[in-house]
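Structure first, then comments.
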Amino acid sequence: MKTYREIIEKFETAATYHDHIKSFGHGSLDKLNDVMNQPYTLCWVRPMASLGIQPYGQRTLTFEVYILDIPKLDRTTDIQTMSDCERILYDVYAFFRDGTDQQTYEVNLTGVTPVQEAFQDRVFGWLGTFDIITDSSGLTYCNIPN
């Protein structure tokens with residue numbers, strides 16, 4: 001079973017790998033607001049309520065993934081910023097779906113929501129809801145430390 005830490009590290013690797021993403025973070029939205037004024041484009045991962053363990057040996061964790069950027073002050077680049085951030089969000093999805101660990105993870109992008117003039121930096125972008133499904137093998141009574 002892939003751990004929470006391994007999944008977050010996979011998101012961070014996807015962000016580092018992408019030429020347009022300049023910074024990465026994870027945690028609550030309060031934490032996101034506290035770390036504004038960092039290099040953009042930003043990839044932020046927020047854990048959400050999840051299904052957990054399901055029949056047939058699967059474990060699902062749900063995340064909100066924010067891809068955010070700041071358009072020019074004259075507002076002439078709002079549409080282009082939204083378009084670029086949407087594409088980057090799909091690139092992160094493809095990193096899980098088609099990347100080197102594609103046999104380890106199943107990923108579903110279950111929804112996308114526009115973000116406009118949000119948070120302290122007045123950012124634009126997209127929020128995608130990702131379900132990360134992994135095998136739950138290794139969860140047995142025999143593996144409980146005693």
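Residues in the structure tokens are numbered from 1 in each chain, the chains being A, B, ... in the order shown, and ligands are numbered from 1 in the order shown.
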Apply DSSP to the structure's backbone, then extract all residues of chain A labelled helix (DSSP H, G or I) and return them as a PyMOL selection string.
chain A and resi 4-17+29-34+78-98+141-143
Could you pull the residues within 8 Å of range 59-72 of chain A, counting only C-alpha atoms, minus those fewer than 3 positions along the same chain, as a ChimeraX atom specification?
/A:40-54,75-78,81,85-86,88-89,115,121-136
For the residues selected in the previous step, produce a file with C-alpha atoms as a PDB file, in the first residue's frame.
```pdb
ATOM      1  CA  TYR A  40       3.998  31.238  -9.179  1.00  0.00           C
ATOM      2  CA  THR A  41       2.708  29.049 -10.815  1.00  0.00           C
ATOM      3  CA  LEU A  42       1.833  27.222  -7.573  1.00  0.00           C
ATOM      4  CA  CYS A  43       0.650  23.635  -7.123  1.00  0.00           C
ATOM      5  CA  TRP A  44      -1.107  23.160  -3.764  1.00  0.00           C
ATOM      6  CA  VAL A  45      -2.451  19.791  -2.537  1.00  0.00           C
ATOM      7  CA  ARG A  46      -5.150  19.655   0.133  1.00  0.00           C
ATOM      8  CA  PRO A  47      -6.261  16.301   1.638  1.00  0.00           C
ATOM      9  CA  MET A  48     -10.028  15.794   1.806  1.00  0.00           C
ATOM     10  CA  ALA A  49     -12.469  13.341   3.361  1.00  0.00           C
ATOM     11  CA  SER A  50     -11.984  10.026   1.585  1.00  0.00           C
ATOM     12  CA  LEU A  51     -13.623   6.651   1.088  1.00  0.00           C
ATOM     13  CA  GLY A  52     -10.730   4.859   2.785  1.00  0.00           C
ATOM     14  CA  ILE A  53     -10.546   1.062   2.473  1.00  0.00           C
ATOM     15  CA  GLN A  54     -13.015  -0.521   0.091  1.00  0.00           C
ATOM     16  CA  ARG A  75      -6.266  42.023 -16.385  1.00  0.00           C
ATOM     17  CA  THR A  76      -5.402  41.383 -20.030  1.00  0.00           C
ATOM     18  CA  THR A  77      -4.092  37.906 -19.239  1.00  0.00           C
ATOM     19  CA  ASP A  78      -6.941  36.517 -17.077  1.00  0.00           C
ATOM     20  CA  THR A  81      -3.814  32.399 -17.060  1.00  0.00           C
ATOM     21  CA  CYS A  85      -3.541  26.571 -15.268  1.00  0.00           C
ATOM     22  CA  GLU A  86      -6.197  24.199 -16.610  1.00  0.00           C
ATOM     23  CA  ILE A  88      -1.132  22.233 -16.039  1.00  0.00           C
ATOM     24  CA  LEU A  89      -3.804  20.571 -13.880  1.00  0.00           C
ATOM     25  CA  VAL A 115     -10.598  29.814  -9.096  1.00  0.00           C
ATOM     26  CA  ASP A 121      -2.541  37.164  -3.767  1.00  0.00           C
ATOM     27  CA  ARG A 122      -5.748  37.394  -5.872  1.00  0.00           C
ATOM     28  CA  VAL A 123      -4.768  34.326  -7.877  1.00  0.00           C
ATOM     29  CA  PHE A 124      -6.517  32.682 -10.796  1.00  0.00           C
ATOM     30  CA  GLY A 125      -6.455  29.025 -11.756  1.00  0.00           C
ATOM     31  CA  TRP A 126      -8.210  25.717 -11.295  1.00  0.00           C
ATOM     32  CA  LEU A 127      -9.007  23.275  -8.519  1.00  0.00           C
ATOM     33  CA  GLY A 128      -9.181  19.603  -9.427  1.00  0.00           C
ATOM     34  CA  THR A 129     -10.527  16.844  -7.197  1.00  0.00           C
ATOM     35  CA  PHE A 130      -8.313  13.771  -7.444  1.00  0.00           C
ATOM     36  CA  ASP A 131      -9.162  10.311  -6.123  1.00  0.00           C
ATOM     37  CA  ILE A 132      -5.940   8.337  -5.708  1.00  0.00           C
ATOM     38  CA  ILE A 133      -6.649   4.618  -5.507  1.00  0.00           C
ATOM     39  CA  THR A 134      -3.981   2.171  -4.387  1.00  0.00           C
ATOM     40  CA  ASP A 135      -3.877  -1.465  -3.466  1.00  0.00           C
ATOM     41  CA  SER A 136      -4.427  -1.987   0.268  1.00  0.00           C
TER      42      SER A 136
END
```
Taking the backbone alone, and naming residues the way the document does, which bits of range 39-72 of chain A are strand (DSSP E) by DSSP, as a PyMOL selection string?
chain A and resi 42-54+58-69
Neighbour list for Val92 in chain A as an NGL selection string, cut-off 8 Å, only C-alpha atoms, skip fewer than 4 positions in-chain
:A and (11 or 14-15 or 88 or 96)
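Among the candidates A:Val107, A:Gln80, A:Asp19, A:Glu117, the one nearest to Tyr93 in chain A when counting only C-alpha atoms is A:Val107.
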Which residue out of A:Leu73, A:Leu29, A:Ile8, A:Ala94 has the minimum interatomic distance to Ala118 in chain A when only C-alpha atoms are used?
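Distance minimum relative to Ala118 in chain A lands on A:Leu29.
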